[in-house]
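J.: Data: coords.pdb, PDB, C-alpha atoms and all ligand atoms.
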ATOM      1  CA  MET A  17     -68.007 -25.544  74.041  1.00  0.00           C
ATOM      2  CA  LYS A  18     -67.498 -22.355  76.046  1.00  0.00           C
ATOM      3  CA  HIS A  19     -71.227 -21.958  76.694  1.00  0.00           C
ATOM      4  CA  ILE A  20     -71.410 -25.482  78.162  1.00  0.00           C
ATOM      5  CA  PHE A  21     -68.878 -24.665  80.861  1.00  0.00           C
ATOM      6  CA  GLU A  22     -70.499 -21.289  81.473  1.00  0.00           C
ATOM      7  CA  GLY A  23     -73.771 -23.170  82.023  1.00  0.00           C
ATOM      8  CA  ILE A  24     -72.112 -25.572  84.452  1.00  0.00           C
ATOM      9  CA  ARG A  25     -70.629 -22.703  86.428  1.00  0.00           C
ATOM     10  CA  ARG A  26     -74.049 -21.049  86.628  1.00  0.00           C
ATOM     11  CA  HIS A  27     -75.393 -24.256  88.231  1.00  0.00           C
ATOM     12  CA  GLY A  28     -72.495 -24.080  90.684  1.00  0.00           C
ATOM     13  CA  GLU A  29     -73.231 -20.485  91.643  1.00  0.00           C
ATOM     14  CA  ARG A  30     -76.561 -21.047  93.307  1.00  0.00           C
ATOM     15  CA  SER A  31     -78.492 -23.777  94.989  1.00  0.00           C
ATOM     16  CA  SER A  32     -79.262 -26.310  92.338  1.00  0.00           C
ATOM     17  CA  PRO A  33     -81.008 -29.700  92.345  1.00  0.00           C
ATOM     18  CA  TRP A  34     -77.942 -31.060  90.563  1.00  0.00           C
ATOM     19  CA  ILE A  35     -75.738 -30.098  93.487  1.00  0.00           C
ATOM     20  CA  ASP A  36     -78.286 -31.524  95.935  1.00  0.00           C
ATOM     21  CA  ARG A  37     -78.434 -34.839  94.102  1.00  0.00           C
ATOM     22  CA  LEU A  38     -74.660 -35.000  93.810  1.00  0.00           C
ATOM     23  CA  VAL A  39     -74.242 -34.319  97.530  1.00  0.00           C
ATOM     24  CA  THR A  40     -76.671 -37.185  98.254  1.00  0.00           C
ATOM     25  CA  ILE A  41     -74.400 -39.534  96.272  1.00  0.00           C
ATOM     26  CA  PHE A  42     -71.326 -38.107  98.020  1.00  0.00           C
ATOM     27  CA  LYS A  43     -72.916 -38.797 101.415  1.00  0.00           C
ATOM     28  CA  ALA A  44     -73.634 -42.394 100.399  1.00  0.00           C
ATOM     29  CA  MET A  45     -69.963 -42.728  99.398  1.00  0.00           C
ATOM     30  CA  ASP A  46     -68.840 -41.336 102.757  1.00  0.00           C
ATOM     31  CA  ASN A  47     -71.113 -43.757 104.622  1.00  0.00           C
ATOM     32  CA  GLY A  48     -69.927 -46.716 102.544  1.00  0.00           C
ATOM     33  CA  TYR A  49     -66.312 -45.721 103.025  1.00  0.00           C
ATOM     34  CA  GLU A  50     -66.672 -45.276 106.772  1.00  0.00           C
ATOM     35  CA  LYS A  51     -68.306 -48.672 107.176  1.00  0.00           C
ATOM     36  CA  ALA A  52     -65.649 -50.459 105.091  1.00  0.00           C
ATOM     37  CA  ALA A  53     -62.803 -48.573 106.806  1.00  0.00           C
ATOM     38  CA  GLY A  54     -64.358 -49.379 110.182  1.00  0.00           C
ATOM     39  CA  ARG A  55     -64.329 -53.092 109.375  1.00  0.00           C
ATOM     40  CA  HIS A  56     -60.569 -52.766 108.847  1.00  0.00           C
ATOM     41  CA  GLY A  57     -60.145 -50.539 111.886  1.00  0.00           C
ATOM     42  CA  PHE A  58     -58.538 -48.098 109.469  1.00  0.00           C
ATOM     43  CA  VAL A  59     -58.306 -44.380 110.137  1.00  0.00           C
ATOM     44  CA  CYS A  60     -56.593 -42.061 107.678  1.00  0.00           C
ATOM     45  CA  ARG A  61     -54.122 -39.903 109.573  1.00  0.00           C
ATOM     46  CA  GLY A  62     -52.350 -38.511 106.541  1.00  0.00           C
ATOM     47  CA  CYS A  63     -48.972 -39.811 105.459  1.00  0.00           C
ATOM     48  CA  GLU A  64     -46.022 -39.151 103.177  1.00  0.00           C
ATOM     49  CA  ASP A  65     -47.920 -40.657 100.268  1.00  0.00           C
ATOM     50  CA  ASN A  66     -50.839 -38.340 100.869  1.00  0.00           C
ATOM     51  CA  CYS A  67     -53.595 -38.809  98.327  1.00  0.00           C
ATOM     52  CA  CYS A  68     -53.834 -35.011  98.089  1.00  0.00           C
ATOM     53  CA  GLN A  69     -50.425 -35.254  96.391  1.00  0.00           C
ATOM     54  CA  SER A  70     -51.651 -37.761  93.813  1.00  0.00           C
ATOM     55  CA  ARG A  71     -52.248 -36.443  90.334  1.00  0.00           C
ATOM     56  CA  PHE A  72     -55.880 -37.416  90.105  1.00  0.00           C
ATOM     57  CA  TYR A  73     -57.825 -36.616  86.960  1.00  0.00           C
ATOM     58  CA  HIS A  74     -61.545 -36.004  87.194  1.00  0.00           C
ATOM     59  CA  HIS A  75     -63.896 -36.887  84.381  1.00  0.00           C
ATOM     60  CA  THR A  76     -67.341 -35.661  85.296  1.00  0.00           C
ATOM     61  CA  LEU A  77     -68.965 -32.320  84.641  1.00  0.00           C
ATOM     62  CA  LEU A  78     -70.774 -32.785  87.953  1.00  0.00           C
ATOM     63  CA  GLU A  79     -67.468 -32.596  89.777  1.00  0.00           C
ATOM     64  CA  TYR A  80     -66.434 -29.578  87.702  1.00  0.00           C
ATOM     65  CA  MET A  81     -69.642 -27.946  88.965  1.00  0.00           C
ATOM     66  CA  SER A  82     -69.139 -28.925  92.608  1.00  0.00           C
ATOM     67  CA  ILE A  83     -65.497 -27.844  92.641  1.00  0.00           C
ATOM     68  CA  TYR A  84     -66.528 -24.533  91.086  1.00  0.00           C
ATOM     69  CA  ARG A  85     -69.082 -24.135  93.853  1.00  0.00           C
ATOM     70  CA  GLY A  86     -66.543 -25.003  96.533  1.00  0.00           C
ATOM     71  CA  VAL A  87     -63.954 -22.593  95.151  1.00  0.00           C
ATOM     72  CA  SER A  88     -66.571 -19.834  94.741  1.00  0.00           C
ATOM     73  CA  ARG A  89     -67.437 -20.097  98.430  1.00  0.00           C
ATOM     74  CA  LEU A  90     -63.857 -19.390  99.537  1.00  0.00           C
ATOM     75  CA  SER A  91     -62.901 -15.955 100.743  1.00  0.00           C
ATOM     76  CA  VAL A  92     -61.220 -13.749  98.157  1.00  0.00           C
ATOM     77  CA  GLN A  93     -57.891 -14.275  99.899  1.00  0.00           C
ATOM     78  CA  LYS A  94     -58.153 -18.069 100.109  1.00  0.00           C
ATOM     79  CA  ARG A  95     -59.314 -18.275  96.509  1.00  0.00           C
ATOM     80  CA  GLN A  96     -56.388 -16.152  95.351  1.00  0.00           C
ATOM     81  CA  GLN A  97     -53.966 -18.357  97.283  1.00  0.00           C
ATOM     82  CA  ALA A  98     -55.514 -21.476  95.720  1.00  0.00           C
ATOM     83  CA  ILE A  99     -55.131 -19.910  92.256  1.00  0.00           C
ATOM     84  CA  GLU A 100     -51.474 -19.170  92.941  1.00  0.00           C
ATOM     85  CA  ARG A 101     -50.907 -22.753  94.100  1.00  0.00           C
ATOM     86  CA  ALA A 102     -52.719 -24.031  91.005  1.00  0.00           C
ATOM     87  CA  VAL A 103     -50.400 -22.035  88.742  1.00  0.00           C
ATOM     88  CA  VAL A 104     -47.358 -23.543  90.486  1.00  0.00           C
ATOM     89  CA  TYR A 105     -48.882 -27.041  90.397  1.00  0.00           C
ATOM     90  CA  CYS A 106     -49.539 -26.887  86.646  1.00  0.00           C
ATOM     91  CA  ARG A 107     -46.076 -25.482  85.941  1.00  0.00           C
ATOM     92  CA  GLN A 108     -44.347 -28.143  88.053  1.00  0.00           C
ATOM     93  CA  HIS A 109     -46.243 -30.951  86.359  1.00  0.00           C
ATOM     94  CA  ALA A 110     -45.642 -29.496  82.890  1.00  0.00           C
ATOM     95  CA  GLU A 111     -41.913 -29.340  83.610  1.00  0.00           C
ATOM     96  CA  ALA A 112     -41.907 -32.873  84.989  1.00  0.00           C
ATOM     97  CA  ASP A 113     -43.824 -34.141  81.959  1.00  0.00           C
ATOM     98  CA  ALA A 114     -41.337 -32.441  79.637  1.00  0.00           C
ATOM     99  CA  ALA A 115     -38.475 -34.091  81.539  1.00  0.00           C
ATOM    100  CA  GLY A 116     -40.212 -37.467  81.543  1.00  0.00           C
ATOM    101  CA  THR A 117     -40.282 -37.608  85.337  1.00  0.00           C
ATOM    102  CA  LYS A 118     -43.006 -37.951  87.936  1.00  0.00           C
ATOM    103  CA  ILE A 119     -43.467 -35.615  90.862  1.00  0.00           C
ATOM    104  CA  LYS A 120     -45.677 -35.260  93.899  1.00  0.00           C
ATOM    105  CA  ALA A 121     -47.334 -31.893  94.340  1.00  0.00           C
ATOM    106  CA  TRP A 122     -50.032 -30.869  96.785  1.00  0.00           C
ATOM    107  CA  CYS A 123     -53.514 -30.265  95.450  1.00  0.00           C
ATOM    108  CA  PRO A 124     -53.983 -26.481  95.443  1.00  0.00           C
ATOM    109  CA  LEU A 125     -57.088 -26.918  97.606  1.00  0.00           C
ATOM    110  CA  ASN A 126     -55.094 -28.525 100.402  1.00  0.00           C
ATOM    111  CA  GLU A 127     -54.129 -25.931 102.971  1.00  0.00           C
ATOM    112  CA  ASN A 128     -51.986 -27.144 105.862  1.00  0.00           C
ATOM    113  CA  GLY A 129     -53.335 -30.676 105.477  1.00  0.00           C
ATOM    114  CA  ARG A 130     -56.945 -29.533 105.329  1.00  0.00           C
ATOM    115  CA  CYS A 131     -59.212 -29.688 102.278  1.00  0.00           C
ATOM    116  CA  LEU A 132     -60.705 -26.261 101.635  1.00  0.00           C
ATOM    117  CA  ILE A 133     -63.784 -27.719  99.928  1.00  0.00           C
ATOM    118  CA  TYR A 134     -64.150 -30.836 102.077  1.00  0.00           C
ATOM    119  CA  ASP A 135     -67.930 -31.284 101.766  1.00  0.00           C
ATOM    120  CA  LEU A 136     -67.719 -30.859  97.994  1.00  0.00           C
ATOM    121  CA  ARG A 137     -64.483 -32.740  97.338  1.00  0.00           C
ATOM    122  CA  PRO A 138     -64.639 -35.063  94.336  1.00  0.00           C
ATOM    123  CA  MET A 139     -65.385 -38.766  94.247  1.00  0.00           C
ATOM    124  CA  ILE A 140     -61.862 -40.179  94.242  1.00  0.00           C
ATOM    125  CA  CYS A 141     -60.943 -38.074  97.284  1.00  0.00           C
ATOM    126  CA  ARG A 142     -63.769 -39.870  99.128  1.00  0.00           C
ATOM    127  CA  LEU A 143     -63.006 -43.407  98.020  1.00  0.00           C
ATOM    128  CA  HIS A 144     -59.209 -43.562  97.993  1.00  0.00           C
ATOM    129  CA  GLY A 145     -57.320 -45.368 100.750  1.00  0.00           C
ATOM    130  CA  ILE A 146     -58.926 -48.738 101.494  1.00  0.00           C
ATOM    131  CA  PRO A 147     -59.043 -51.846  99.274  1.00  0.00           C
ATOM    132  CA  HIS A 148     -61.828 -51.685  96.744  1.00  0.00           C
ATOM    133  CA  ALA A 149     -63.600 -53.648  94.054  1.00  0.00           C
ATOM    134  CA  LEU A 150     -65.329 -52.346  90.952  1.00  0.00           C
ATOM    135  CA  ARG A 151     -67.547 -54.350  88.647  1.00  0.00           C
ATOM    136  CA  GLN A 152     -67.069 -53.024  85.142  1.00  0.00           C
ATOM    137  CA  PRO A 153     -69.918 -52.849  82.612  1.00  0.00           C
ATOM    138  CA  GLY A 154     -68.536 -55.919  80.777  1.00  0.00           C
ATOM    139  CA  GLY A 155     -68.811 -57.976  83.964  1.00  0.00           C
ATOM    140  CA  ARG A 156     -65.123 -58.000  84.882  1.00  0.00           C
ATOM    141  CA  THR A 157     -64.277 -57.022  88.467  1.00  0.00           C
ATOM    142  CA  VAL A 158     -61.143 -55.030  89.123  1.00  0.00           C
ATOM    143  CA  GLN A 159     -59.671 -54.663  92.571  1.00  0.00           C
ATOM    144  CA  GLY A 160     -57.344 -52.156  94.205  1.00  0.00           C
ATOM    145  CA  PRO A 161     -55.176 -52.851  97.261  1.00  0.00           C
ATOM    146  CA  GLY A 162     -55.617 -49.583  99.161  1.00  0.00           C
ATOM    147  CA  CYS A 163     -53.122 -46.777  99.608  1.00  0.00           C
ATOM    148  CA  GLU A 164     -49.508 -47.184 100.626  1.00  0.00           C
ATOM    149  CA  TYR A 165     -50.278 -46.328 104.252  1.00  0.00           C
ATOM    150  CA  PHE A 166     -53.066 -48.902 104.390  1.00  0.00           C
ATOM    151  CA  ARG A 167     -50.777 -51.563 102.943  1.00  0.00           C
ATOM    152  CA  SER A 168     -48.026 -50.650 105.417  1.00  0.00           C
ATOM    153  CA  LEU A 169     -50.390 -51.538 108.249  1.00  0.00           C
ATOM    154  CA  GLN A 170     -50.633 -55.059 106.793  1.00  0.00           C
ATOM    155  CA  LYS A 171     -54.320 -55.278 107.465  1.00  0.00           C
ATOM    156  CA  THR A 172     -56.145 -58.204 105.942  1.00  0.00           C
ATOM    157  CA  GLY A 173     -59.712 -58.804 104.934  1.00  0.00           C
ATOM    158  CA  SER A 174     -60.309 -58.550 101.190  1.00  0.00           C
ATOM    159  CA  ASP A 175     -63.936 -59.438 101.974  1.00  0.00           C
ATOM    160  CA  ALA A 176     -64.158 -56.077 103.687  1.00  0.00           C
ATOM    161  CA  CYS A 177     -63.151 -54.145 100.610  1.00  0.00           C
ATOM    162  CA  LEU A 178     -65.223 -51.212  99.521  1.00  0.00           C
ATOM    163  CA  ASP A 179     -67.454 -52.025  96.573  1.00  0.00           C
ATOM    164  CA  ARG A 180     -67.263 -48.858  94.517  1.00  0.00           C
ATOM    165  CA  THR A 181     -69.716 -50.159  91.907  1.00  0.00           C
ATOM    166  CA  PRO A 182     -72.940 -48.597  93.224  1.00  0.00           C
ATOM    167  CA  PHE A 183     -71.243 -45.232  93.651  1.00  0.00           C
ATOM    168  CA  TYR A 184     -69.739 -45.240  90.145  1.00  0.00           C
ATOM    169  CA  ARG A 185     -73.123 -46.245  88.752  1.00  0.00           C
ATOM    170  CA  ALA A 186     -74.945 -43.515  90.642  1.00  0.00           C
ATOM    171  CA  MET A 187     -72.403 -40.954  89.435  1.00  0.00           C
ATOM    172  CA  ALA A 188     -72.598 -42.210  85.862  1.00  0.00           C
ATOM    173  CA  GLY A 189     -76.395 -42.077  85.923  1.00  0.00           C
ATOM    174  CA  LEU A 190     -76.526 -38.526  87.256  1.00  0.00           C
ATOM    175  CA  GLU A 191     -73.737 -37.419  84.918  1.00  0.00           C
ATOM    176  CA  LYS A 192     -75.727 -38.775  81.984  1.00  0.00           C
ATOM    177  CA  GLU A 193     -78.794 -36.794  83.041  1.00  0.00           C
ATOM    178  CA  PHE A 194     -76.726 -33.663  83.645  1.00  0.00           C
ATOM    179  CA  ARG A 195     -75.053 -33.879  80.256  1.00  0.00           C
ATOM    180  CA  ALA A 196     -78.396 -34.421  78.541  1.00  0.00           C
ATOM    181  CA  ALA A 197     -79.870 -31.386  80.300  1.00  0.00           C
ATOM    182  CA  LEU A 198     -76.888 -29.287  79.225  1.00  0.00           C
ATOM    183  CA  GLU A 199     -76.671 -30.896  75.778  1.00  0.00           C
ATOM    184  CA  ALA A 200     -73.018 -31.400  76.651  1.00  0.00           C
ATOM    185  CA  ASN A 201     -71.365 -33.988  74.487  1.00  0.00           C
ATOM    186  CA  VAL A 202     -67.802 -33.217  75.516  1.00  0.00           C
ATOM    187  CA  LYS A 203     -64.843 -35.189  76.757  1.00  0.00           C
ATOM    188  CA  PHE A 204     -63.623 -34.002  80.115  1.00  0.00           C
ATOM    189  CA  LYS A 205     -60.411 -34.821  81.948  1.00  0.00           C
ATOM    190  CA  GLN A 206     -58.843 -32.300  84.302  1.00  0.00           C
ATOM    191  CA  THR A 207     -56.943 -32.050  87.535  1.00  0.00           C
ATOM    192  CA  ILE A 208     -58.283 -29.780  90.242  1.00  0.00           C
ATOM    193  CA  ALA A 209     -55.541 -27.266  89.473  1.00  0.00           C
ATOM    194  CA  GLU A 210     -56.583 -27.137  85.818  1.00  0.00           C
ATOM    195  CA  MET A 211     -60.186 -26.592  86.842  1.00  0.00           C
ATOM    196  CA  ILE A 212     -59.282 -23.751  89.192  1.00  0.00           C
ATOM    197  CA  LEU A 213     -57.388 -21.972  86.420  1.00  0.00           C
ATOM    198  CA  SER A 214     -60.240 -22.539  83.978  1.00  0.00           C
ATOM    199  CA  PHE A 215     -62.558 -20.677  86.383  1.00  0.00           C
ATOM    200  CA  LEU A 216     -60.587 -17.454  85.871  1.00  0.00           C
ATOM    201  CA  PRO A 217     -62.473 -15.038  83.610  1.00  0.00           C
ATOM    202  CA  GLU A 218     -59.553 -14.636  81.216  1.00  0.00           C
ATOM    203  CA  ARG A 219     -59.236 -18.425  81.043  1.00  0.00           C
ATOM    204  CA  SER A 220     -62.887 -19.380  80.694  1.00  0.00           C
ATOM    205  CA  GLY A 221     -62.786 -18.756  76.943  1.00  0.00           C
ATOM    206  CA  LYS A 222     -59.896 -21.164  76.510  1.00  0.00           C
ATOM    207  CA  LYS A 223     -60.294 -24.699  75.374  1.00  0.00           C
ATOM    208  CA  GLN A 224     -60.945 -26.805  78.490  1.00  0.00           C
ATOM    209  CA  GLY A 225     -57.807 -28.643  79.490  1.00  0.00           C
ATOM    210  CA  ASP A 226     -55.495 -26.079  77.908  1.00  0.00           C
ATOM    211  CA  ASN A 227     -53.659 -24.567  80.846  1.00  0.00           C
ATOM    212  CA  ARG A 228     -50.420 -23.640  79.216  1.00  0.00           C
TER
HETATM  213  S1  LIG A 301     -59.980 -31.717  96.679  1.00  0.00           S
HETATM  214 FE1  LIG A 301     -59.493 -31.768  98.844  1.00  0.00          FE
HETATM  215  S2  LIG A 301     -59.386 -33.966  99.406  1.00  0.00           S
HETATM  216 FE2  LIG A 301     -59.248 -33.817  97.146  1.00  0.00          FE
HETATM  217  S3  LIG A 301     -57.039 -33.789  96.665  1.00  0.00           S
HETATM  218 FE3  LIG A 301     -57.727 -31.627  96.849  1.00  0.00          FE
HETATM  219  S4  LIG A 301     -57.345 -31.085  99.010  1.00  0.00           S
HETATM  220 FE4  LIG A 301     -57.280 -33.323  98.863  1.00  0.00          FE
END
Translate the structure described by the file into structure tokens.
T.:
Amino acid sequence: MKHIFEGIRRHGERSSPWIDRLVTIFKAMDNGYEKAAGRHGFVCRGCEDNCCQSRFYHHTLLEYMSIYRGVSRLSVQKRQQAIERAVVYCRQHAEADAAGTKIKAWCPLNENGRCLIYDLRPMICRLHGIPHALRQPGGRTVQGPGCEYFRSLQKTGSDACLDRTPFYRAMAGLEKEFRAALEANVKFKQTIAEMILSFLPERSGKKQGDNR
């Protein structure tokens, strides 16, 4: 498995058609989000329930690649600070898990309210906030009400919800191609903090997801 993640990181080190195609999908997400948010007159101004404090898991190797690229582009100092925050993040969540509690902790890539890898941030960071719908492969449609801040504004207009379906499909299609090219038949589920720690040379030989 180690060689698969080494291969992904190599794609993230240089300009790669996989990155280019992923960025095209990300731009479509941003456009779709902006249009849907505009119909609600909604502007994210940050809040106490900041989505950068949500414990999002990411499931695509494409996002592992793009986050690696984003982190690699940081200055040595900023990268080191992000690593230190990732260590704290993982420890805090491990302690909370052991105690059976839930905590909020800032994503290690958030610095003073600003995302350090904004143009390469993952899918959920682009789509979170406004009401959405998602048609699942079986035909069922699931809906989400938007973030706490959105709901506090008591905006209406479920017809203006963001349809995430085309974006999920585009991601799934590209992920399938990427995995086939890498011959990567692996399960993947990591937080950003776990990914950052897995990028460390002494960690890259560890089983992915094992950040103890
Ligand atoms: S990657 Fe960026 S936008 Fe996403 S949670 Fe981290 S800081 Fe926030």
J.: What's the separation between CA of Leu216 in chain A and CA of Gln69 in chain A, in Å to one decimal place?
T.: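 CA of Leu216 in chain A sits 23.0 Å away from CA of Gln69 in chain A.
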J.: Can you list, as a PyMOL selection string, every protein, DNA or RNA residue that comes within 12 Å of Val158 in chain A when you count only C-alpha atoms, leaving out same-chain residues fewer than 2 positions away?
T.: chain A and resi 147-156+160-161+177-181
J.: Set the cut-off to 12 Å, count all atoms listed in the file, and list whatever residues fall near ligand LIG 301 (chain A) as a ChimeraX atom specification.
T.: /A:60,62,65-74,79-80,82-84,86-87,98,101-102,105,120-145,207-212
J.: At a cut-off of 12 Å, using all atoms listed in the file, what residues contact Pro217 in chain A? Leave out same-chain residues fewer than 5 positions from it and give the result as a ChimeraX atom specification.
T.: /A:18,21-22,25,212,222
J.: Please enumerate the residues selected by the PyMOL selection byres (((chain A and resi 34) around 12) and not hetatm) when evaluated against the supplied file, formatted as a short mmCIF file (atom, residue, chain, number, x, y, z; two decimals) with C-alpha atoms, keeping the file's coordinate frame.
T.:
data_model
loop_
_atom_site.label_atom_id
_atom_site.label_comp_id
_atom_site.auth_asym_id
_atom_site.auth_seq_id
_atom_site.Cartn_x
_atom_site.Cartn_y
_atom_site.Cartn_z
CA ILE A 24 -72.11 -25.57 84.45
CA ARG A 25 -70.63 -22.70 86.43
CA ARG A 26 -74.05 -21.05 86.63
CA HIS A 27 -75.39 -24.26 88.23
CA GLY A 28 -72.50 -24.08 90.68
CA GLU A 29 -73.23 -20.48 91.64
CA ARG A 30 -76.56 -21.05 93.31
CA SER A 31 -78.49 -23.78 94.99
CA SER A 32 -79.26 -26.31 92.34
CA PRO A 33 -81.01 -29.70 92.34
CA ILE A 35 -75.74 -30.10 93.49
CA ASP A 36 -78.29 -31.52 95.94
CA ARG A 37 -78.43 -34.84 94.10
CA LEU A 38 -74.66 -35.00 93.81
CA VAL A 39 -74.24 -34.32 97.53
CA THR A 40 -76.67 -37.18 98.25
CA ILE A 41 -74.40 -39.53 96.27
CA LEU A 77 -68.96 -32.32 84.64
CA LEU A 78 -70.77 -32.78 87.95
CA GLU A 79 -67.47 -32.60 89.78
CA TYR A 80 -66.43 -29.58 87.70
CA MET A 81 -69.64 -27.95 88.96
CA SER A 82 -69.14 -28.92 92.61
CA ARG A 85 -69.08 -24.14 93.85
CA MET A 187 -72.40 -40.95 89.44
CA LEU A 190 -76.53 -38.53 87.26
CA GLU A 191 -73.74 -37.42 84.92
CA LYS A 192 -75.73 -38.78 81.98
CA GLU A 193 -78.79 -36.79 83.04
CA PHE A 194 -76.73 -33.66 83.64
CA ARG A 195 -75.05 -33.88 80.26
CA ALA A 197 -79.87 -31.39 80.30
CA LEU A 198 -76.89 -29.29 79.22
#
J.: Work out how far apart CA of Lys118 in chain A and CA of Phe204 in chain A are and give it in Å to one decimal.
T.: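 Separating CA of Lys118 in chain A from CA of Phe204 in chain A is a distance of 22.4 Å.
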